[in-house]
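Some notes on the structure that comes next.
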Amino acid sequence: MLKINTWGKWALAGVTAAVLSACGGSDKVPETAKVEPKPEKIEWKMVTTWPKNFPGLGTGAEYMAKNITEMSGGRLTVKVYAAGELVPPLEVFDAVSRGTAELGHGASYYWKGKVPAAQFFTAVPFGMTPQEINSWIYHGGGMALWEEIYEPFNLIPLTSGNSGVQMGGWFNKEINSLDDFQGLKMRIPGLGGEVLSKVGGTPINLPGGEIFTALQTGTIDATEFVGPYNDLAFGLYKAAKYYYYPGWHEPGSEMELLVNKKAFEALPKDLQAIVRAASRQATQDMLDEFTAKNNDALQTLVTEHNVDLRPFPKDVLKALKKASEETLNEVAASDEMSKKVYDSFKAFMSKVSAWHAVSERAYINARDAE
């Protein structure tokens, strides 16, 4: 047994008194010694319409999820589920709306059956380029309209990427005139699909993972998807011979981040800001990636896989533009919200086109002149 002599008792008493004195005469633990509670960790799920790790699109979803996790210091972590892993690809809208997942990554024209006006926020035939559509969404009133149409569904929309000007698509026969679209079964969603229908074709809406098999087996005669970077990865050159340009139907396809409104509003303000910032960053990064990689992929398709690259005939493009204008006016006339969105889109495009006539277009023409 340890014995403490008289001197030891006095020394112990002195130490105790010193500690109590330092604490203000109290036996409470100093504030500086208290352990701060660890911040709450929130776990979210993101469902997507894309195959797992699919270049540009699927990896774009992964990139954004990683950024949200890192920017929040791990307070908000996001786990990504590819198409079919948690819900089928074309059920992403409903899954996020009802809270099965907090986030959804896809394209808004997939939901035109639920919200006709939504398709204007992916791409409009002969419409705006990526730079122009982003300007409309963030500085031209587009975002307020997008939020308005999703309000009844407990959803908040954000941008999550842009694939740039797309290709016209893969065809199993030559397109020499508008007559060649008669009876053509083509995978083409959104407003482009409605234009195809007007010129005699049959539009079919398929998720990316089903396109190759449908084209190879003859279920469809043609398909558009994105552009060389994605199309090479899908191996579409193995199922169709002719590759046409330009992508008149999708001149700047905006990707969409669906956010469950209830879950978003439950976040602290700083985490809400991080989600918004990550979406803007992902939008620019995806466009940069496609711009950097599309031409290399196109050269591979042409030189290594002998793809027959062709422009649409000028008279075909002229006829498609006329059909597009008619289709857009019809869609706007059939739905009040679609008219509101299209009027805003058209007015902004008119202004930005006037500016680009003396800026981007004039410069590129001068730069590329012989």
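Letters A, B, ... go to the chains of the structure tokens in the order shown; residues in each chain start at 1; ligands are counted from 1 in the same order.
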* To do: Determine which residues of segment 142-171 of chain A receive a DSSP assignment of strand (DSSP E or B), computed from the backbone, and state them as a ChimeraX atom specification.
  => /A:155-162,169-171
* With a distance cut-off of 12 Å and only C-alpha atoms, select the neighbouring residues of Asn162 of chain A, excluding the residue or stretch itself and same-chain residues fewer than 2 positions from it, and output the selection as a count of residues only. => 44
How close does each residue of segment 135-169 of chain A get to segment 339-351 of chain A, giving the shortest atom pair and distance in Å to one decimal for every residue with an atom at most 7 Å away, counting only C-alpha atoms, sorted by chain and residue number, as a Markdown table?
| residue | atom | partner | partner_atom | distance |
| --- | --- | --- | --- | --- |
| A:Trp136 | CA | A:Phe348 | CA | 6.6 |
| A:Gly140 | CA | A:Phe348 | CA | 6.8 |
| A:Leu145 | CA | A:Val341 | CA | 6.6 |
* To do: Using atom CA of Glu147 of chain A and atom CA of Leu103 of chain A as the two end points, give the distance in Å to one decimal.
  =>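 Taking atom CA of Glu147 of chain A and atom CA of Leu103 of chain A, their separation equals 15.2 Å.
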* DSSP on the backbone, then: every residue of segment 201-316 of chain A marked helix (DSSP H, G or I), written as a ChimeraX atom specification. => /A:208-217,228-234,236-238,261-265,269-303,314-316
May I have the residues from that selection written out with C-alpha atoms, as a PDB file, in the first residue's frame?
ATOM      1  CA  GLY A 208     -27.864   4.468 -73.360  1.00  0.00           C
ATOM      2  CA  GLY A 209     -27.245   0.926 -72.199  1.00  0.00           C
ATOM      3  CA  GLU A 210     -29.832  -0.506 -74.616  1.00  0.00           C
ATOM      4  CA  ILE A 211     -28.826   1.332 -77.797  1.00  0.00           C
ATOM      5  CA  PHE A 212     -26.142  -0.960 -79.223  1.00  0.00           C
ATOM      6  CA  THR A 213     -28.230  -4.121 -79.039  1.00  0.00           C
ATOM      7  CA  ALA A 214     -31.272  -2.390 -80.524  1.00  0.00           C
ATOM      8  CA  LEU A 215     -29.226  -1.084 -83.441  1.00  0.00           C
ATOM      9  CA  GLN A 216     -27.374  -4.338 -84.014  1.00  0.00           C
ATOM     10  CA  THR A 217     -30.542  -6.454 -84.018  1.00  0.00           C
ATOM     11  CA  PRO A 228     -17.419  10.463 -80.910  1.00  0.00           C
ATOM     12  CA  TYR A 229     -16.087  10.199 -77.347  1.00  0.00           C
ATOM     13  CA  ASN A 230     -19.179   8.347 -76.106  1.00  0.00           C
ATOM     14  CA  ASP A 231     -20.079   6.631 -79.363  1.00  0.00           C
ATOM     15  CA  LEU A 232     -16.652   5.035 -79.663  1.00  0.00           C
ATOM     16  CA  ALA A 233     -16.948   3.680 -76.109  1.00  0.00           C
ATOM     17  CA  PHE A 234     -20.352   2.181 -76.939  1.00  0.00           C
ATOM     18  CA  LEU A 236     -21.735   1.910 -82.236  1.00  0.00           C
ATOM     19  CA  TYR A 237     -19.467   1.720 -85.286  1.00  0.00           C
ATOM     20  CA  LYS A 238     -19.902  -2.069 -85.121  1.00  0.00           C
ATOM     21  CA  LYS A 261     -36.241  19.451 -52.335  1.00  0.00           C
ATOM     22  CA  LYS A 262     -37.056  18.260 -48.823  1.00  0.00           C
ATOM     23  CA  ALA A 263     -33.594  16.728 -48.383  1.00  0.00           C
ATOM     24  CA  PHE A 264     -31.890  19.830 -49.793  1.00  0.00           C
ATOM     25  CA  GLU A 265     -33.746  22.222 -47.502  1.00  0.00           C
ATOM     26  CA  LYS A 269     -26.673  26.537 -45.646  1.00  0.00           C
ATOM     27  CA  ASP A 270     -22.998  25.853 -46.262  1.00  0.00           C
ATOM     28  CA  LEU A 271     -23.726  22.335 -47.546  1.00  0.00           C
ATOM     29  CA  GLN A 272     -26.474  23.689 -49.797  1.00  0.00           C
ATOM     30  CA  ALA A 273     -23.916  26.094 -51.243  1.00  0.00           C
ATOM     31  CA  ILE A 274     -21.460  23.233 -51.779  1.00  0.00           C
ATOM     32  CA  VAL A 275     -24.020  21.191 -53.733  1.00  0.00           C
ATOM     33  CA  ARG A 276     -24.769  24.174 -55.961  1.00  0.00           C
ATOM     34  CA  ALA A 277     -21.079  24.977 -56.467  1.00  0.00           C
ATOM     35  CA  ALA A 278     -20.240  21.353 -57.289  1.00  0.00           C
ATOM     36  CA  SER A 279     -22.966  21.282 -59.930  1.00  0.00           C
ATOM     37  CA  ARG A 280     -21.591  24.381 -61.653  1.00  0.00           C
ATOM     38  CA  GLN A 281     -18.069  22.960 -61.561  1.00  0.00           C
ATOM     39  CA  ALA A 282     -19.244  19.642 -63.009  1.00  0.00           C
ATOM     40  CA  THR A 283     -21.077  21.446 -65.798  1.00  0.00           C
ATOM     41  CA  GLN A 284     -17.918  23.165 -66.999  1.00  0.00           C
ATOM     42  CA  ASP A 285     -15.685  20.139 -66.462  1.00  0.00           C
ATOM     43  CA  MET A 286     -17.840  17.835 -68.597  1.00  0.00           C
ATOM     44  CA  LEU A 287     -17.907  20.314 -71.462  1.00  0.00           C
ATOM     45  CA  ASP A 288     -14.128  20.667 -71.234  1.00  0.00           C
ATOM     46  CA  GLU A 289     -13.710  16.888 -71.287  1.00  0.00           C
ATOM     47  CA  PHE A 290     -15.880  16.386 -74.377  1.00  0.00           C
ATOM     48  CA  THR A 291     -14.171  19.268 -76.168  1.00  0.00           C
ATOM     49  CA  ALA A 292     -10.755  17.786 -75.413  1.00  0.00           C
ATOM     50  CA  LYS A 293     -11.555  14.203 -76.414  1.00  0.00           C
ATOM     51  CA  ASN A 294     -14.121  14.259 -79.208  1.00  0.00           C
ATOM     52  CA  ASN A 295     -11.770  14.896 -82.113  1.00  0.00           C
ATOM     53  CA  ASP A 296      -9.291  12.180 -81.099  1.00  0.00           C
ATOM     54  CA  ALA A 297     -12.188   9.733 -80.864  1.00  0.00           C
ATOM     55  CA  LEU A 298     -13.533  10.848 -84.244  1.00  0.00           C
ATOM     56  CA  GLN A 299     -10.157  10.256 -85.878  1.00  0.00           C
ATOM     57  CA  THR A 300     -10.060   6.776 -84.350  1.00  0.00           C
ATOM     58  CA  LEU A 301     -13.514   5.999 -85.723  1.00  0.00           C
ATOM     59  CA  VAL A 302     -12.597   7.164 -89.220  1.00  0.00           C
ATOM     60  CA  THR A 303      -9.005   5.930 -89.560  1.00  0.00           C
ATOM     61  CA  LYS A 314     -27.913  21.096 -97.071  1.00  0.00           C
ATOM     62  CA  ASP A 315     -31.463  20.708 -98.321  1.00  0.00           C
ATOM     63  CA  VAL A 316     -32.106  18.057 -95.644  1.00  0.00           C
TER      64      VAL A 316
END
* Tell me which of A:Ile137, A:Leu309, A:Leu76, A:Met186 sits closest to Pro268 of chain A, counting only C-alpha atoms. =>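 For Pro268 of chain A, the nearest of the candidates is A:Leu76.
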Find the nearest atom pair between each residue of segment 127-229 of chain A and segment 326-329 of chain A for residues within 12 Å, count only C-alpha atoms, give distances in Å to one decimal, sort rows by chain and ascending number, and present the table as a Markdown table.
| residue | atom | partner | partner_atom | distance |
| --- | --- | --- | --- | --- |
| A:Gly127 | CA | A:Leu328 | CA | 10.6 |
| A:Gly190 | CA | A:Leu328 | CA | 11.2 |
| A:Leu191 | CA | A:Leu328 | CA | 7.7 |
| A:Gly192 | CA | A:Thr327 | CA | 9.2 |
| A:Gly193 | CA | A:Thr327 | CA | 10.1 |
| A:Glu194 | CA | A:Thr327 | CA | 6.9 |
| A:Val195 | CA | A:Thr327 | CA | 6.1 |
| A:Leu196 | CA | A:Thr327 | CA | 9.7 |
| A:Ser197 | CA | A:Thr327 | CA | 9.6 |
| A:Lys198 | CA | A:Thr327 | CA | 7.5 |
| A:Val199 | CA | A:Thr327 | CA | 10.3 |
Let me see the file: selected residues, N, CA, C and O atoms, as a short mmCIF file (atom, residue, chain, number, x, y, z; two decimals), in the first residue's frame.
data_model
loop_
_atom_site.label_atom_id
_atom_site.label_comp_id
_atom_site.auth_asym_id
_atom_site.auth_seq_id
_atom_site.Cartn_x
_atom_site.Cartn_y
_atom_site.Cartn_z
N GLY A 127 -31.21 25.10 -81.74
CA GLY A 127 -31.27 26.06 -80.63
C GLY A 127 -29.90 26.55 -80.19
O GLY A 127 -28.99 26.72 -81.01
N GLY A 190 -36.69 13.50 -76.75
CA GLY A 190 -36.93 14.93 -76.65
C GLY A 190 -37.56 15.55 -77.87
O GLY A 190 -38.24 14.91 -78.68
N LEU A 191 -37.30 16.84 -78.03
CA LEU A 191 -37.89 17.60 -79.13
C LEU A 191 -37.39 17.12 -80.48
O LEU A 191 -38.11 17.15 -81.47
N GLY A 192 -36.15 16.64 -80.53
CA GLY A 192 -35.63 16.09 -81.78
C GLY A 192 -36.47 14.92 -82.26
O GLY A 192 -36.69 14.75 -83.47
N GLY A 193 -36.95 14.11 -81.32
CA GLY A 193 -37.79 12.99 -81.67
C GLY A 193 -39.12 13.43 -82.26
O GLY A 193 -39.65 12.80 -83.19
N GLU A 194 -39.65 14.54 -81.74
CA GLU A 194 -40.91 15.05 -82.27
C GLU A 194 -40.73 15.60 -83.69
O GLU A 194 -41.63 15.50 -84.53
N VAL A 195 -39.57 16.17 -83.94
CA VAL A 195 -39.28 16.65 -85.30
C VAL A 195 -39.17 15.47 -86.25
O VAL A 195 -39.70 15.50 -87.37
N LEU A 196 -38.48 14.41 -85.81
CA LEU A 196 -38.37 13.20 -86.65
C LEU A 196 -39.75 12.66 -87.00
O LEU A 196 -40.01 12.26 -88.14
N SER A 197 -40.64 12.65 -86.03
CA SER A 197 -41.99 12.18 -86.28
C SER A 197 -42.70 13.04 -87.33
O SER A 197 -43.42 12.52 -88.19
N LYS A 198 -42.46 14.34 -87.28
CA LYS A 198 -43.10 15.25 -88.24
C LYS A 198 -42.65 14.98 -89.67
O LYS A 198 -43.43 15.15 -90.63
N VAL A 199 -41.39 14.52 -89.84
CA VAL A 199 -40.90 14.28 -91.20
C VAL A 199 -41.06 12.82 -91.61
O VAL A 199 -40.50 12.38 -92.62
#
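One finds atom CA of Thr69 of chain A at 19.6 Å from atom CA of Thr100 of chain A.
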* Quote the spacing between atom CA of Tyr138 of chain A and atom CA of Val358 of chain A in Å to one decimal place. =>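 Atom CA of Val358 of chain A lies 22.5 Å from atom CA of Tyr138 of chain A.
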* So which one's closest to Lys79 of chain A, A:Phe93, A:Phe126, A:Tyr63, A:Trp248? Using only C-alpha atoms, please. ->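 Of A:Phe93, A:Phe126, A:Tyr63, A:Trp248, the one nearest Lys79 of chain A is A:Tyr63, counting only C-alpha atoms.
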* **Pick from A:Phe153, A:Glu70, A:Ala117, A:Phe225 nearest to Ser334 of chain A, counting only C-alpha atoms** =>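 Of the candidates, the smallest distance to Ser334 of chain A is held by A:Ala117.
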* Asked: Any idea what's packed within 10 Å of Glu91 of chain A, counting only C-alpha atoms, ignoring anything in its chain fewer than 3 positions away? Could you give it as a list of chain:residue names?
  -> A:Val47, A:Thr48, A:Thr49, A:Ala83, A:Gly84, A:Leu86, A:Val87, A:Pro88, A:Asp94, A:Ala95, A:Val96, A:Gly104, A:Tyr110, A:Trp111
Write the selection just made, keeping N, CA, C and O atoms, as a compact mmCIF listing (two decimals), in the first residue's frame?
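Final output, saved to part19.txt:
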# COMPACT_ATOMS: atom_id res chain seq x y z
N VAL A 47 -28.79 8.45 -58.03
CA VAL A 47 -29.12 7.48 -59.07
C VAL A 47 -28.94 8.15 -60.42
O VAL A 47 -29.15 9.35 -60.56
N THR A 48 -28.52 7.38 -61.42
CA THR A 48 -28.23 7.97 -62.72
C THR A 48 -28.92 7.20 -63.84
O THR A 48 -29.35 6.06 -63.67
N THR A 49 -28.96 7.85 -64.99
CA THR A 49 -29.51 7.20 -66.20
C THR A 49 -28.40 6.57 -67.03
O THR A 49 -28.68 6.05 -68.11
N ALA A 83 -27.20 3.25 -63.78
CA ALA A 83 -28.51 2.84 -64.28
C ALA A 83 -28.77 1.37 -63.96
O ALA A 83 -27.96 0.51 -64.29
N GLY A 84 -29.91 1.10 -63.32
CA GLY A 84 -30.30 -0.27 -63.02
C GLY A 84 -29.79 -0.81 -61.71
O GLY A 84 -30.26 -1.86 -61.25
N LEU A 86 -29.96 0.66 -58.63
CA LEU A 86 -30.95 0.91 -57.59
C LEU A 86 -32.34 1.08 -58.19
O LEU A 86 -33.32 0.55 -57.65
N VAL A 87 -32.40 1.81 -59.30
CA VAL A 87 -33.67 1.98 -60.03
C VAL A 87 -33.36 1.93 -61.53
O VAL A 87 -32.23 2.23 -61.95
N PRO A 88 -34.33 1.57 -62.37
CA PRO A 88 -34.11 1.60 -63.82
C PRO A 88 -33.78 3.01 -64.28
O PRO A 88 -34.19 4.00 -63.64
N ASP A 94 -38.78 9.83 -60.77
CA ASP A 94 -39.69 9.41 -59.71
C ASP A 94 -38.95 9.03 -58.43
O ASP A 94 -39.42 9.30 -57.33
N ALA A 95 -37.79 8.40 -58.57
CA ALA A 95 -37.03 7.96 -57.41
C ALA A 95 -36.58 9.15 -56.56
O ALA A 95 -36.65 9.11 -55.32
N VAL A 96 -36.13 10.21 -57.22
CA VAL A 96 -35.69 11.38 -56.47
C VAL A 96 -36.90 12.17 -55.94
O VAL A 96 -36.87 12.68 -54.82
N GLY A 104 -30.37 12.79 -58.53
CA GLY A 104 -30.49 12.03 -59.78
C GLY A 104 -29.71 12.74 -60.87
O GLY A 104 -29.78 13.97 -61.00
N TYR A 110 -35.82 13.30 -70.83
CA TYR A 110 -36.35 11.97 -70.54
C TYR A 110 -37.71 12.04 -69.83
O TYR A 110 -38.45 11.06 -69.82
N TRP A 111 -38.03 13.19 -69.25
CA TRP A 111 -39.26 13.29 -68.44
C TRP A 111 -40.36 14.07 -69.15
O TRP A 111 -41.28 14.56 -68.52
* A:His249, A:Lys318, A:Lys41, A:Arg361 ranked by distance to Gly169 of chain A, top pick (using only C-alpha atoms) ->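 Using only C-alpha atoms, the shortest distance to Gly169 of chain A belongs to A:His249.
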